[in-house]
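Comments concern the structure below.
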Amino acid sequence: MPTPSGPHPHSRPLYGCMGIGGAWDPTPYTAADIAEAEAAVEAALSAGITVFDHADIYRHGKSEAVFGELLARDAGLRGRITLQTKCGIRLPDGDGGGRYDLRGSSIVRRVEESLTRLRTDVLDVLLLHRPDPLTGPEEIAEALGSLHAQGLVRRFGVSNMSAAQIELLQAHLDVPLTVNQLEMSLAARDWVESGVLLNTRAAADNGFPHGTVEYCQGRGVRLQAWGALAQGRYTGRAPSSPAARLVSGIAARRGTTPETVLLWWLQRHPARIAPVIGSSRPERILRCADAVRRAPELTHEEWYELWTAARGEPLP
């Protein structure tokens, strides 16, 4: 049965919209693509999810565009949800190969384009998708400040950035950075292992910027986990692996789904990590509903059992 209270508000799952919008190319989206998006969004809403995560590059902008179609069809939907999108990655085009671009004029232009595609006049949250080594923090801060002053963006954050990068940018900003979205899952464990591999030889193989989780936790920067379901690695792709069997066993004992157990593993961490659910399949989205409605029901021992099973070797 569901617990009386759900997860901490900061760790409530988001729906990641990368899977909706048709093919990963510039071809126009179709009525079938809109219908597929509508089914996925309805499933997310039914599960209790109210935050929808986009990026301007997803499906070459079509993920935002089909979502805008849904907002246009339901006049009350915009007021019930939080819209988050990202900018800063440029896909290969006629002007060159793939690259990062956080120049001030580019940020402003990308936000304006996202607003048009989403058919809204304000973004609740804008994330900088990847660091751009060629753009200084002063220029980025000026653009973000302008967007905030114009009422086009309410809050800001980053994605795939270290503590040092966040701190440098924040030093030039008058508004707080409130989010850092990183790859975090039972499969992508560098974020947690960086804290226990210190003073071991294995630390040399861990590329996660040590201290980033602690920095965010200590300064109120909410952590969001992309890739939270590990692409099905523990929920069907390799059902006979020790970690997958353990996930299924815990799910059966708790009367929930393996997907929920994976999300609970992230939510159970004291940093209050919010998982991003990226599947476009309604049935899989609904299998995550207990992570929205129930507080993580993993014991201290179960959390470590899942970790060590996924590692395939004992902790140092």
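Each chain in the structure tokens gets a letter, A, B and so on, in the order shown; residues start at 1 in every chain, and ligands are counted from 1 in the order they appear.
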Counting only C-alpha atoms, what are the residues of segment 169-258 of chain A within 9 Å of segment 119-137 of chain A, and for each of them which pair of atoms is the nearest and at what distance in Å, to one decimal? Sort the table by chain and rising number, as a tab-separated table.
residue	atom	partner	partner_atom	distance
A:Leu169	CA	A:Pro137	CA	5.2
A:Gln170	CA	A:Pro137	CA	8.4
A:Ala171	CA	A:Pro137	CA	8.5
A:His172	CA	A:Pro137	CA	6.6
A:Leu173	CA	A:Pro137	CA	8.6
A:Leu177	CA	A:Leu127	CA	9.0
A:Thr178	CA	A:Val125	CA	8.9
A:Val179	CA	A:Leu127	CA	7.6
A:Asn180	CA	A:Leu127	CA	8.0
A:Gln181	CA	A:Leu127	CA	8.3
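Look at Pro13 of chain A: the protein and nucleic acid residues within 10 Å of it, using only C-alpha atoms and passing over chain neighbours fewer than 6 places away, are A:Pro7, A:Ala44, A:Ala47, A:Gly48, A:Ile49, A:Thr50, A:Val51, A:Phe52, A:Gln224, A:Ala225, A:Ala228, A:Leu263, A:Gln267, A:Ile273, A:Ala274, A:Pro275, A:Val276, A:Ile277, A:Cys288, A:Ala289, A:Ala291, A:Val292, A:Arg293.
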Which of A:Glu259, A:Glu138, A:Asp53, A:Glu167 sits closest to Thr212 of chain A [using only C-alpha atoms]: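 Nearest to Thr212 of chain A: A:Glu167.
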Skipping near chain neighbours, those fewer than 3 positions away, what residues fall within 6 Å of Ala43 of chain A using only C-alpha atoms, listed as a compact mmCIF listing (two decimals) with all heavy atoms, in the first residue's frame?
# COMPACT_ATOMS: atom_id res chain seq x y z
N ALA A 40 2.01 9.53 -24.11
CA ALA A 40 3.09 9.54 -23.12
C ALA A 40 2.84 10.60 -22.05
O ALA A 40 3.02 10.35 -20.85
CB ALA A 40 4.43 9.78 -23.82
N SER A 46 -0.99 11.00 -15.35
CA SER A 46 -1.72 10.00 -14.56
C SER A 46 -0.86 9.45 -13.43
O SER A 46 -1.37 9.12 -12.35
CB SER A 46 -2.19 8.84 -15.45
OG SER A 46 -3.11 9.29 -16.41
N PRO A 282 3.82 4.50 -22.69
CA PRO A 282 2.92 4.78 -21.55
C PRO A 282 2.97 3.73 -20.47
O PRO A 282 2.95 4.06 -19.27
CB PRO A 282 1.54 4.86 -22.21
CG PRO A 282 1.82 5.28 -23.62
CD PRO A 282 3.12 4.61 -23.98
DSSP-assigned alpha helix (DSSP H) members of segment 143-265 of chain A, reported as a VMD selection string: chain A and resid 143 to 149 163 to 170 190 to 193 212 to 219 242 to 254 258 to 265
Could you find all residues in segment 97-202 of chain A that DSSP calls strand (DSSP E) from the backbone, and write them as a PyMOL selection string? chain A and resi 99-100+123-128+153-159+177-183
Serialized selection, C-alpha atoms, as a PDB file, in the first residue's frame:
ATOM      1  CA  ARG A  99      29.465  22.016 -30.955  1.00  0.00           C
ATOM      2  CA  TYR A 100      28.520  23.863 -27.784  1.00  0.00           C
ATOM      3  CA  LEU A 123       9.827  29.040 -19.329  1.00  0.00           C
ATOM      4  CA  ASP A 124       9.691  27.926 -15.719  1.00  0.00           C
ATOM      5  CA  VAL A 125      13.279  26.630 -15.836  1.00  0.00           C
ATOM      6  CA  LEU A 126      16.120  27.005 -18.357  1.00  0.00           C
ATOM      7  CA  LEU A 127      19.177  24.758 -18.103  1.00  0.00           C
ATOM      8  CA  LEU A 128      22.508  25.290 -19.862  1.00  0.00           C
ATOM      9  CA  VAL A 153      12.523  32.645 -17.817  1.00  0.00           C
ATOM     10  CA  ARG A 154      11.687  32.233 -14.133  1.00  0.00           C
ATOM     11  CA  ARG A 155      14.572  30.057 -12.899  1.00  0.00           C
ATOM     12  CA  PHE A 156      17.929  28.825 -14.173  1.00  0.00           C
ATOM     13  CA  GLY A 157      20.156  25.809 -13.819  1.00  0.00           C
ATOM     14  CA  VAL A 158      22.809  23.786 -15.584  1.00  0.00           C
ATOM     15  CA  SER A 159      23.334  20.284 -16.908  1.00  0.00           C
ATOM     16  CA  LEU A 177      21.319  28.466 -10.213  1.00  0.00           C
ATOM     17  CA  THR A 178      18.799  25.993  -8.842  1.00  0.00           C
ATOM     18  CA  VAL A 179      19.348  22.754 -10.817  1.00  0.00           C
ATOM     19  CA  ASN A 180      22.171  20.527 -12.033  1.00  0.00           C
ATOM     20  CA  GLN A 181      21.126  17.636 -14.276  1.00  0.00           C
ATOM     21  CA  LEU A 182      23.634  14.777 -14.477  1.00  0.00           C
ATOM     22  CA  GLU A 183      23.684  11.181 -15.638  1.00  0.00           C
TER      23      GLU A 183
END
Using only C-alpha atoms: which of A:Leu286, A:Leu197, A:Ile81, A:Ala37 has the shortest distance to Glu69 of chain A: A:Ala37
Can you tell me, as a VMD selection string, what residues are no more than 8 Å from Arg233 of chain A when counting only C-alpha atoms, ignoring any on the same chain fewer than 4 positions away? chain A and resid 187 229 237 to 239 244
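Nearest to Asn199 of chain A of all the residues A:Gly98, A:Leu246, A:Pro316, A:Ala55 is A:Pro316, counting only C-alpha atoms.
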With only C-alpha atoms as the atoms that count, which of A:Ser114, A:Ser106, A:Thr260, A:Ser240 lies nearest to Phe67 of chain A?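 Going through A:Ser114, A:Ser106, A:Thr260, A:Ser240 one by one, the smallest distance to Phe67 of chain A is for A:Ser114.
Contact shell of Tyr58 of chain A at 10 Å (only C-alpha atoms; same-chain neighbours under 2 positions omitted): Cys17, Met18, Gly19, Ile20, Gly21, Gly22, Ala23, Trp24, Asp25, His54, Ala55, Asp56, His60, Gly61, Lys62, Ser63, Glu64, Ala65, Thr85, Lys86 and Leu91 of chain A.
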Prev. selection, C-alpha atoms, output as a PDB file, in the first residue's frame:
ATOM      1  CA  CYS A  17      10.531  14.509 -23.382  1.00  0.00           C
ATOM      2  CA  MET A  18      13.509  13.423 -25.504  1.00  0.00           C
ATOM      3  CA  GLY A  19      11.599  10.369 -26.774  1.00  0.00           C
ATOM      4  CA  ILE A  20       8.651  12.237 -28.277  1.00  0.00           C
ATOM      5  CA  GLY A  21       8.468  14.150 -31.551  1.00  0.00           C
ATOM      6  CA  GLY A  22       9.232  11.608 -34.245  1.00  0.00           C
ATOM      7  CA  ALA A  23      12.575  10.879 -35.891  1.00  0.00           C
ATOM      8  CA  TRP A  24      15.944  12.413 -34.992  1.00  0.00           C
ATOM      9  CA  ASP A  25      16.086  14.434 -38.206  1.00  0.00           C
ATOM     10  CA  HIS A  54      12.880  19.383 -22.763  1.00  0.00           C
ATOM     11  CA  ALA A  55      15.891  20.535 -24.757  1.00  0.00           C
ATOM     12  CA  ASP A  56      15.935  22.586 -27.926  1.00  0.00           C
ATOM     13  CA  HIS A  60      15.670  18.611 -33.898  1.00  0.00           C
ATOM     14  CA  GLY A  61      13.191  20.774 -31.989  1.00  0.00           C
ATOM     15  CA  LYS A  62      10.214  18.529 -32.682  1.00  0.00           C
ATOM     16  CA  SER A  63       9.907  17.329 -29.071  1.00  0.00           C
ATOM     17  CA  GLU A  64       9.140  20.897 -28.029  1.00  0.00           C
ATOM     18  CA  ALA A  65       6.912  21.461 -31.044  1.00  0.00           C
ATOM     19  CA  THR A  85      14.102  23.169 -21.334  1.00  0.00           C
ATOM     20  CA  LYS A  86      17.791  23.360 -22.173  1.00  0.00           C
ATOM     21  CA  LEU A  91      23.689  19.767 -33.767  1.00  0.00           C
TER      22      LEU A  91
END
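Those residues that approach Pro258 of chain A to within 9 Å, counting only C-alpha atoms, are Tyr234, Thr235, Ala244, Val247, Ser248, Gly249, Ile250, Ala251, Ala252, Arg287 and Cys288 of chain A; same-chain residues fewer than 6 positions away are not listed.
When only C-alpha atoms are used to compute distances to Met161 of chain A, the closest of the residues A:Val221, A:Leu262, A:Leu186, A:Ala203 turns out to be A:Val221.
Nearest residue to Gln150 of chain A, choosing from A:Asp205, A:Ile166, A:Ile89, A:Glu112 and counting only C-alpha atoms: A:Glu112.
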